[in-house]
Structure formats: C-alpha cells, structure tokens
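Contents: one structure, followed by commentary.
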Amino acid sequence: MNQRLKKILAPSLAIALLAGSASVLAQQAPKPENLIKWRQSAFQIVAWNTGRIKASVEGTYNKDEVQRAANVIAAIANSGLGGLFAAGTEQGKGWHDTSAKPELFKDPKKFADLNASFGKEAGELAAVAGGGDVAAIKTQFGKLQRTCKSCHDDFKSKD
C-alpha cells in the first residue's frame, strides 16, 4: 500500500473504530424485566431436566436421558446465573412476578456460596451420570436437590 493511500485511509479507519467503540459504550445493560425473564427461563429448564432425571432413576432407567439432562443442568448451573440477580431485579415481573426474596439481595455472599454449591453439585452429577451407576446417580442427585432446597428455603418466596 502506498503512503498516500495510507494517509487517506488511516483517519477513516480511526473514525470508524471510534464510532464502533462509541456504539458499544452507548449500549445499555439489560432491562430488569429481561433479567427476571432469563432467570425464570433458566430455572424452568433446570426444573424440566430435574424431572427427567427423577423419572428415569425412579422408573425405567435411561442412561442417555440422564446424561443429557445432567449436562444441561450443569451447563446452566455454571453459566453465571448469579448475574441475573442484579440490582434492580429485587421486584418486578419477567414472565411472572419474581419470587426472589429481598434477603437474596441483602446477603450476596451467602447467595454466591449457595450458587457455587449448585454449580459444583450439578457438575458432579454430570460426571457421575456418565458412569451409569444408578445408586451413585441417585446419591448425587439428592445432593443437588439439597443445594436447590437450601437456596429456595432462604431466598425464594413460597407464593
């Protein structure tokens, strides 16, 4: 590329990069109602997959079904769900009114610890599911359900 062309293109490229940067900076954080919808959706998917595992280990066992469901739960549990409980989402409506208790937003450390436990136990369930040992899967599934219950007891309204 010759020097004259570089002198012409360099300022144009700089302007284009600045304009692109400005548009990224101008983007707003997601609306609280979207964050609430996303977390409600994520937990619905977790609930559906939990039901699939329960049906399989209590009924006719299907290793592939359990593995797929456990993988989905682990992926969601370790996806950064805590970020969907941002300031401004203490109240409001997503698909329906939020069921998160105000205490969740007042005790972020405890919530983060419970969320980390959820991710750990979900990851363990996905690993155990690969072995196909129904007794081990049931044991780990119980541990996962206890982490869910702990968080629900402390941070989810019963309504």
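FYI, nothing fancy with the structure tokens labels: chains A, B, ... in order, residues from 1 per chain, ligands from 1 as they appear.
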
Give me the stretch 97-153 of chain A side of the contact with stretch 70-84 of chain A, cut-off 12 Å, one line per residue showing its nearest atom pair and distance in Å at one decimal, counting only C-alpha atoms, sorted by chain and residue number, as a tab-separated table.
```
residue	atom	partner	partner_atom	distance
A:Thr98	CA	A:Leu84	CA	11.8
A:Ala100	CA	A:Leu84	CA	11.2
A:Leu104	CA	A:Gly82	CA	10.5
A:Phe105	CA	A:Gly82	CA	10.7
A:Pro108	CA	A:Gly82	CA	9.3
A:Lys109	CA	A:Gly82	CA	10.9
A:Lys110	CA	A:Gly82	CA	11.5
A:Phe111	CA	A:Gly82	CA	8.1
A:Ala112	CA	A:Gly82	CA	7.0
A:Asp113	CA	A:Gly82	CA	10.3
A:Leu114	CA	A:Gly82	CA	10.0
A:Asn115	CA	A:Gly82	CA	7.0
A:Ala116	CA	A:Asn78	CA	8.1
A:Ser117	CA	A:Ala77	CA	9.3
A:Phe118	CA	A:Ala77	CA	6.2
A:Gly119	CA	A:Ala77	CA	4.7
A:Lys120	CA	A:Asn78	CA	8.1
A:Glu121	CA	A:Ala74	CA	8.2
A:Ala122	CA	A:Ala74	CA	4.6
A:Gly123	CA	A:Ala74	CA	5.0
A:Glu124	CA	A:Ala74	CA	8.3
A:Leu125	CA	A:Ala70	CA	6.2
A:Ala126	CA	A:Ala70	CA	4.8
A:Ala127	CA	A:Ala70	CA	8.5
A:Val128	CA	A:Ala70	CA	9.2
A:Ala129	CA	A:Ala70	CA	7.0
A:Gly130	CA	A:Ala70	CA	9.3
A:Gly132	CA	A:Ala70	CA	11.9
A:Ile137	CA	A:Ala70	CA	9.9
A:Lys138	CA	A:Ala70	CA	11.9
A:Gln140	CA	A:Ala70	CA	10.7
A:Phe141	CA	A:Ala70	CA	9.1
A:Leu144	CA	A:Ile73	CA	10.0
A:Gln145	CA	A:Ile73	CA	11.6
A:Thr147	CA	A:Ala77	CA	11.2
A:Cys148	CA	A:Ala77	CA	10.6
```

For the selection you just gave me, I'd like the residues written to a file as a compact mmCIF listing (two decimals), in the first residue's frame, keeping N, CA, C and O atoms.
```
# COMPACT_ATOMS: atom_id res chain seq x y z
N THR A 98 -41.43 -11.82 40.14
CA THR A 98 -40.24 -12.50 40.67
C THR A 98 -40.58 -13.15 42.00
O THR A 98 -41.37 -12.63 42.78
N ALA A 100 -37.96 -14.07 43.96
CA ALA A 100 -36.75 -13.88 44.76
C ALA A 100 -37.09 -13.01 45.97
O ALA A 100 -37.74 -11.97 45.86
N LEU A 104 -32.16 -12.18 49.42
CA LEU A 104 -31.15 -12.59 48.44
C LEU A 104 -30.23 -11.41 48.10
O LEU A 104 -29.02 -11.56 48.01
N PHE A 105 -30.81 -10.24 47.96
CA PHE A 105 -30.06 -9.06 47.56
C PHE A 105 -29.34 -8.41 48.75
O PHE A 105 -28.45 -7.60 48.55
N PRO A 108 -25.43 -11.05 49.56
CA PRO A 108 -24.86 -11.57 48.32
C PRO A 108 -23.80 -12.66 48.53
O PRO A 108 -23.66 -13.54 47.70
N LYS A 109 -23.11 -12.63 49.67
CA LYS A 109 -22.09 -13.66 49.91
C LYS A 109 -22.75 -15.03 50.09
O LYS A 109 -22.32 -16.01 49.49
N LYS A 110 -23.80 -15.06 50.90
CA LYS A 110 -24.49 -16.34 51.11
C LYS A 110 -25.08 -16.84 49.80
O LYS A 110 -24.99 -18.02 49.48
N PHE A 111 -25.67 -15.93 49.02
CA PHE A 111 -26.24 -16.32 47.73
C PHE A 111 -25.14 -16.84 46.81
O PHE A 111 -25.31 -17.87 46.16
N ALA A 112 -24.00 -16.16 46.78
CA ALA A 112 -22.89 -16.61 45.94
C ALA A 112 -22.40 -17.99 46.37
O ALA A 112 -22.09 -18.84 45.52
N ASP A 113 -22.33 -18.23 47.67
CA ASP A 113 -21.91 -19.54 48.18
C ASP A 113 -22.89 -20.64 47.77
O ASP A 113 -22.49 -21.72 47.33
N LEU A 114 -24.18 -20.36 47.91
CA LEU A 114 -25.20 -21.35 47.51
C LEU A 114 -25.16 -21.58 46.00
O LEU A 114 -25.29 -22.72 45.54
N ASN A 115 -24.96 -20.51 45.25
CA ASN A 115 -24.88 -20.63 43.79
C ASN A 115 -23.65 -21.46 43.39
O ASN A 115 -23.73 -22.30 42.48
N ALA A 116 -22.54 -21.26 44.09
CA ALA A 116 -21.33 -22.05 43.82
C ALA A 116 -21.56 -23.53 44.15
O ALA A 116 -21.12 -24.42 43.40
N SER A 117 -22.27 -23.79 45.24
CA SER A 117 -22.60 -25.18 45.59
C SER A 117 -23.47 -25.82 44.53
O SER A 117 -23.28 -26.99 44.17
N PHE A 118 -24.43 -25.06 44.02
CA PHE A 118 -25.30 -25.55 42.95
C PHE A 118 -24.46 -25.94 41.74
O PHE A 118 -24.62 -27.03 41.18
N GLY A 119 -23.53 -25.09 41.35
CA GLY A 119 -22.66 -25.39 40.21
C GLY A 119 -21.80 -26.62 40.44
O GLY A 119 -21.65 -27.48 39.56
N LYS A 120 -21.25 -26.72 41.66
CA LYS A 120 -20.39 -27.86 41.99
C LYS A 120 -21.17 -29.17 41.95
O LYS A 120 -20.74 -30.14 41.32
N GLU A 121 -22.30 -29.20 42.62
CA GLU A 121 -23.09 -30.44 42.68
C GLU A 121 -23.66 -30.81 41.31
O GLU A 121 -23.75 -31.99 40.96
N ALA A 122 -24.03 -29.81 40.52
CA ALA A 122 -24.52 -30.09 39.16
C ALA A 122 -23.41 -30.67 38.30
O ALA A 122 -23.64 -31.61 37.53
N GLY A 123 -22.21 -30.12 38.42
CA GLY A 123 -21.06 -30.66 37.68
C GLY A 123 -20.75 -32.09 38.08
O GLY A 123 -20.45 -32.94 37.24
N GLU A 124 -20.83 -32.35 39.38
CA GLU A 124 -20.61 -33.71 39.88
C GLU A 124 -21.67 -34.67 39.35
O GLU A 124 -21.36 -35.81 38.99
N LEU A 125 -22.91 -34.21 39.30
CA LEU A 125 -23.98 -35.06 38.77
C LEU A 125 -23.71 -35.41 37.31
O LEU A 125 -23.87 -36.58 36.92
N ALA A 126 -23.29 -34.45 36.53
CA ALA A 126 -22.99 -34.73 35.11
C ALA A 126 -21.86 -35.75 35.01
O ALA A 126 -21.92 -36.66 34.17
N ALA A 127 -20.86 -35.64 35.88
CA ALA A 127 -19.75 -36.59 35.85
C ALA A 127 -20.21 -37.99 36.27
O ALA A 127 -19.88 -38.98 35.61
N VAL A 128 -20.98 -38.07 37.34
CA VAL A 128 -21.47 -39.36 37.83
C VAL A 128 -22.42 -40.01 36.83
O VAL A 128 -22.40 -41.24 36.63
N ALA A 129 -23.23 -39.19 36.17
CA ALA A 129 -24.19 -39.73 35.19
C ALA A 129 -23.49 -40.48 34.07
O ALA A 129 -24.02 -41.45 33.55
N GLY A 130 -22.29 -40.06 33.74
CA GLY A 130 -21.53 -40.73 32.69
C GLY A 130 -21.18 -42.16 33.03
O GLY A 130 -21.00 -42.99 32.14
N GLY A 132 -23.13 -44.28 34.73
CA GLY A 132 -24.30 -45.14 34.63
C GLY A 132 -24.68 -45.91 35.89
O GLY A 132 -25.58 -46.73 35.85
N ILE A 137 -25.82 -42.13 40.99
CA ILE A 137 -26.57 -41.02 40.40
C ILE A 137 -27.63 -40.54 41.39
O ILE A 137 -27.79 -39.33 41.61
N LYS A 138 -28.36 -41.47 42.00
CA LYS A 138 -29.38 -41.10 42.98
C LYS A 138 -28.77 -40.33 44.15
O LYS A 138 -29.32 -39.33 44.62
N GLN A 140 -25.94 -38.54 44.17
CA GLN A 140 -25.52 -37.21 43.73
C GLN A 140 -26.72 -36.33 43.40
O GLN A 140 -26.71 -35.13 43.66
N PHE A 141 -27.75 -36.92 42.83
CA PHE A 141 -28.98 -36.19 42.53
C PHE A 141 -29.58 -35.64 43.82
O PHE A 141 -30.06 -34.50 43.87
N LEU A 144 -27.64 -32.59 44.83
CA LEU A 144 -28.04 -31.45 44.01
C LEU A 144 -29.37 -30.89 44.49
O LEU A 144 -29.53 -29.67 44.65
N GLN A 145 -30.33 -31.75 44.75
CA GLN A 145 -31.64 -31.29 45.21
C GLN A 145 -31.55 -30.57 46.55
O GLN A 145 -32.26 -29.59 46.78
N THR A 147 -29.01 -28.73 47.52
CA THR A 147 -28.50 -27.37 47.26
C THR A 147 -29.62 -26.49 46.74
O THR A 147 -29.71 -25.31 47.13
N CYS A 148 -30.47 -27.04 45.90
CA CYS A 148 -31.61 -26.26 45.39
C CYS A 148 -32.52 -25.86 46.55
O CYS A 148 -32.93 -24.70 46.66
```

What parts of stretch 12-156 of chain A does DSSP call helix (DSSP H, G or I)? I'd like the answer as a VMD selection string.
chain A and resid 12 to 26 32 to 58 63 to 77 81 to 84 102 to 106 108 to 129 134 to 155

Could you check how far atom CA of A:Trp38 sits from atom CA of A:Lys149, in Å to one decimal?
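If I compute the distance from atom CA of A:Trp38 to atom CA of A:Lys149, I get 20.4 Å.
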
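If you measure from each of A:Thr50, A:Ser150, A:Ser157, A:Gln28 to A:Ala69 using only C-alpha atoms, the closest one turns out to be A:Thr50.
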